[in-house]
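A short write-up of the structure that comes next.
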Amino acid sequence: MRQLILASALAVLPLAAAAQDDPVSQAIEARQSFYTLLGANMGALSAMAKGDMEYDEELVARHAANIEALTQYFVPMHFIEGSSNAEAENTDALPAIWENRDDFEAKFAALGEAAAGASDAVRGGQGNIGPVLGQLGGACKACHDDYRD
Ligand code: ASC
């Protein structure tokens with residue numbers, strides 16, 4: 001019985017490995033990891049803007065700097081052929097991305113532009129975070145409205 005269980009477990013290993021090695025799954029994981037990082041830093045800005053977290057100038061500036069750095073990363077290259085939510089599991093990426101590639105990439109570039117200077121802009125007091133969040137959130141939303149399910 002033990003051998004049987006072990007044999008069965010070993011038999012499914014290649015399947016699990018195949019799923020992880022699949023370029024579509026890898027691309028989806030990569031881009032979602034990127035948005036997780038972006039969201040973690042946005043969340044910290046948001047918590048400080050709302051007063052759920054005490055205003056800490058150095059900490060908020062570091063989070064904003066992370067957002068500036070992350071938005072220079074070219075995440076559109078992880079939106080590979082075959083990885084829309086019409087073709088793949090576990091993704092909200094709409095096929096419209098592949099039909100409007102230039103606009104999708106322009107909207108991502110606009111997020112980078114919205115983030116530029118954020119690490120300085122959030123300094124000087126809690127009240128300075130809100131406008132930065134608004135600018136960033138607007139760029140997030142512009143892309144989500146058209147390209148995320
Ligand atoms: C965020 C976050 C988003 C955007 C979006 C803006 O903080 O996690 O996805 O802003 O809500 O509309």
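Starting from 1 in every chain, residues are counted up; chains themselves are A, B, ... following the order of the structure tokens, and ligands are numbered from 1 as listed.
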Hey, what's within 12 Å of A:Gly82 if we count only C-alpha atoms and toss same-chain stuff fewer than 6 positions away? As an MDAnalysis selection string, please?
chainID A and resid 22:28 88:89 91 93:95 97:98
Residues contacting ligand 1 - anything with an atom at most 12 Å away, using only C-alpha atoms and all ligand atoms - can you give me those as a PyMOL selection string?
chain A and resi 32+34-47+49+67+111+130+132-145+148
Please dump the current selection as an mmCIF file, in the first residue's frame; keep N, CA and C atoms.
data_model
loop_
_atom_site.group_PDB
_atom_site.id
_atom_site.type_symbol
_atom_site.label_atom_id
_atom_site.label_comp_id
_atom_site.auth_asym_id
_atom_site.auth_seq_id
_atom_site.Cartn_x
_atom_site.Cartn_y
_atom_site.Cartn_z
ATOM 1 N N GLN A 32 1.258 38.556 -12.115
ATOM 2 C CA GLN A 32 0.491 38.680 -10.872
ATOM 3 C C GLN A 32 1.396 38.985 -9.687
ATOM 4 N N PHE A 34 4.063 40.767 -9.885
ATOM 5 C CA PHE A 34 4.333 42.201 -10.057
ATOM 6 C C PHE A 34 3.206 43.031 -9.434
ATOM 7 N N TYR A 35 1.955 42.687 -9.767
ATOM 8 C CA TYR A 35 0.827 43.468 -9.234
ATOM 9 C C TYR A 35 0.683 43.288 -7.725
ATOM 10 N N THR A 36 1.092 42.141 -7.207
ATOM 11 C CA THR A 36 1.076 41.943 -5.747
ATOM 12 C C THR A 36 2.027 42.931 -5.081
ATOM 13 N N LEU A 37 3.219 43.080 -5.645
ATOM 14 C CA LEU A 37 4.185 44.032 -5.090
ATOM 15 C C LEU A 37 3.664 45.460 -5.197
ATOM 16 N N LEU A 38 3.123 45.784 -6.373
ATOM 17 C CA LEU A 38 2.574 47.131 -6.571
ATOM 18 C C LEU A 38 1.468 47.401 -5.552
ATOM 19 N N GLY A 39 0.597 46.417 -5.379
ATOM 20 C CA GLY A 39 -0.526 46.561 -4.455
ATOM 21 C C GLY A 39 -0.088 46.690 -3.004
ATOM 22 N N ALA A 40 0.970 45.984 -2.635
ATOM 23 C CA ALA A 40 1.458 46.051 -1.249
ATOM 24 C C ALA A 40 1.946 47.464 -0.930
ATOM 25 N N ASN A 41 2.601 48.086 -1.881
ATOM 26 C CA ASN A 41 3.099 49.449 -1.670
ATOM 27 C C ASN A 41 1.968 50.477 -1.735
ATOM 28 N N MET A 42 1.023 50.248 -2.649
ATOM 29 C CA MET A 42 -0.159 51.113 -2.716
ATOM 30 C C MET A 42 -0.946 51.029 -1.410
ATOM 31 N N GLY A 43 -1.044 49.813 -0.880
ATOM 32 C CA GLY A 43 -1.789 49.592 0.357
ATOM 33 C C GLY A 43 -1.195 50.369 1.520
ATOM 34 N N ALA A 44 0.134 50.425 1.573
ATOM 35 C CA ALA A 44 0.800 51.162 2.650
ATOM 36 C C ALA A 44 0.523 52.664 2.516
ATOM 37 N N LEU A 45 0.593 53.183 1.283
ATOM 38 C CA LEU A 45 0.269 54.597 1.057
ATOM 39 C C LEU A 45 -1.162 54.886 1.496
ATOM 40 N N SER A 46 -2.053 53.990 1.106
ATOM 41 C CA SER A 46 -3.467 54.145 1.416
ATOM 42 C C SER A 46 -3.713 54.121 2.931
ATOM 43 N N ALA A 47 -3.075 53.175 3.614
ATOM 44 C CA ALA A 47 -3.257 53.054 5.068
ATOM 45 C C ALA A 47 -2.772 54.322 5.773
ATOM 46 N N ALA A 49 -2.541 57.345 4.357
ATOM 47 C CA ALA A 49 -3.416 58.461 3.949
ATOM 48 C C ALA A 49 -4.687 58.463 4.792
ATOM 49 N N ILE A 67 7.128 52.119 -5.747
ATOM 50 C CA ILE A 67 6.144 52.220 -6.835
ATOM 51 C C ILE A 67 6.787 52.857 -8.072
ATOM 52 N N LEU A 111 1.113 54.938 -16.270
ATOM 53 C CA LEU A 111 1.264 54.660 -14.829
ATOM 54 C C LEU A 111 2.664 55.066 -14.370
ATOM 55 N N GLY A 130 -2.687 61.759 -0.268
ATOM 56 C CA GLY A 130 -3.950 61.619 -1.005
ATOM 57 C C GLY A 130 -3.855 61.973 -2.488
ATOM 58 N N VAL A 132 -1.301 62.043 -4.411
ATOM 59 C CA VAL A 132 -0.430 61.079 -5.096
ATOM 60 C C VAL A 132 -1.211 59.790 -5.355
ATOM 61 N N LEU A 133 -1.934 59.343 -4.337
ATOM 62 C CA LEU A 133 -2.755 58.132 -4.486
ATOM 63 C C LEU A 133 -3.804 58.311 -5.578
ATOM 64 N N GLY A 134 -4.402 59.509 -5.621
ATOM 65 C CA GLY A 134 -5.418 59.787 -6.632
ATOM 66 C C GLY A 134 -4.851 59.683 -8.037
ATOM 67 N N GLN A 135 -3.659 60.240 -8.205
ATOM 68 C CA GLN A 135 -3.002 60.217 -9.522
ATOM 69 C C GLN A 135 -2.640 58.781 -9.929
ATOM 70 N N LEU A 136 -2.092 58.039 -8.976
ATOM 71 C CA LEU A 136 -1.722 56.640 -9.244
ATOM 72 C C LEU A 136 -2.974 55.791 -9.487
ATOM 73 N N GLY A 137 -3.950 55.962 -8.622
ATOM 74 C CA GLY A 137 -5.188 55.175 -8.728
ATOM 75 C C GLY A 137 -5.898 55.424 -10.047
ATOM 76 N N GLY A 138 -5.848 56.659 -10.536
ATOM 77 C CA GLY A 138 -6.466 56.988 -11.825
ATOM 78 C C GLY A 138 -5.822 56.222 -12.960
ATOM 79 N N ALA A 139 -4.487 56.116 -12.900
ATOM 80 C CA ALA A 139 -3.766 55.386 -13.947
ATOM 81 C C ALA A 139 -4.036 53.885 -13.835
ATOM 82 N N CYS A 140 -4.125 53.364 -12.616
ATOM 83 C CA CYS A 140 -4.474 51.944 -12.400
ATOM 84 C C CYS A 140 -5.837 51.663 -13.026
ATOM 85 N N LYS A 141 -6.790 52.551 -12.670
ATOM 86 C CA LYS A 141 -8.179 52.340 -13.073
ATOM 87 C C LYS A 141 -8.349 52.426 -14.585
ATOM 88 N N ALA A 142 -7.627 53.357 -15.216
ATOM 89 C CA ALA A 142 -7.753 53.527 -16.673
ATOM 90 C C ALA A 142 -7.477 52.209 -17.395
ATOM 91 N N CYS A 143 -6.494 51.475 -16.905
ATOM 92 C CA CYS A 143 -6.149 50.199 -17.530
ATOM 93 C C CYS A 143 -7.130 49.100 -17.113
ATOM 94 N N HIS A 144 -7.468 49.068 -15.818
ATOM 95 C CA HIS A 144 -8.399 48.037 -15.336
ATOM 96 C C HIS A 144 -9.754 48.125 -16.038
ATOM 97 N N ASP A 145 -10.238 49.354 -16.271
ATOM 98 C CA ASP A 145 -11.558 49.535 -16.900
ATOM 99 C C ASP A 145 -11.648 48.812 -18.250
ATOM 100 N N ARG A 148 -9.072 44.594 -17.623
ATOM 101 C CA ARG A 148 -9.187 43.589 -16.564
ATOM 102 C C ARG A 148 -10.647 43.224 -16.365
#
Selected residue, from A:Met53, A:Ser119, A:Phe79, A:Asn66, that lies nearest to A:Ala30 when counting only C-alpha atoms
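Smallest distance to A:Ala30 is found for A:Phe79.
Atom CA of A:Val122 to atom CA of A:Asp52 spans 16.2 Å [interatomic distance, one decimal].
Checking A:Tyr55, A:Ala64, A:Ser33, A:Val75 one by one against A:Gly127, counting only C-alpha atoms, you find the shortest gap at A:Tyr55.
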Need to verify the contact set: A:Ala115, 6 Å, only C-alpha atoms, exclusion of same-chain residues closer than 3 positions in sequence. Can you return it as number ranges by chain?
A: 68, 112, 118
Generate a file of the selected residues that holds N, CA, C and O atoms, formatted as a tab-separated table (two decimals), in the first residue's frame.
chain	number	residue	atom	x	y	z
A	68	GLU	N	7.60	53.88	-7.85
A	68	GLU	CA	8.31	54.49	-8.99
A	68	GLU	C	9.19	53.45	-9.67
A	68	GLU	O	9.24	53.38	-10.91
A	112	GLY	N	3.66	54.77	-15.18
A	112	GLY	CA	5.03	55.17	-14.87
A	112	GLY	C	5.16	56.68	-14.77
A	112	GLY	O	5.84	57.21	-13.88
A	118	ALA	N	6.74	60.60	-7.15
A	118	ALA	CA	5.87	60.25	-6.02
A	118	ALA	C	6.64	60.21	-4.69
A	118	ALA	O	6.10	60.63	-3.65
Please measure the separation of atom CA of A:Met77 and atom CA of A:Ala65, giving the value in Å to one decimal.
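Atom-to-atom, atom CA of A:Met77 and atom CA of A:Ala65 are spaced 22.4 Å apart.
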Pick out the closest residue to A:Asp146 from this set: A:Asp56, A:Pro131, A:Gly117, A:Asp103. Count only C-alpha atoms.
A:Asp103
Name the residues of stretch 23-145 of chain A that fall into helix (DSSP H, G or I) according to DSSP on the backbone, using the chain letters and numbers of this document, as a VMD selection string.
chain A and resid 23 to 50 57 to 70 75 to 78 96 to 99 101 to 115 118 to 121 126 to 145
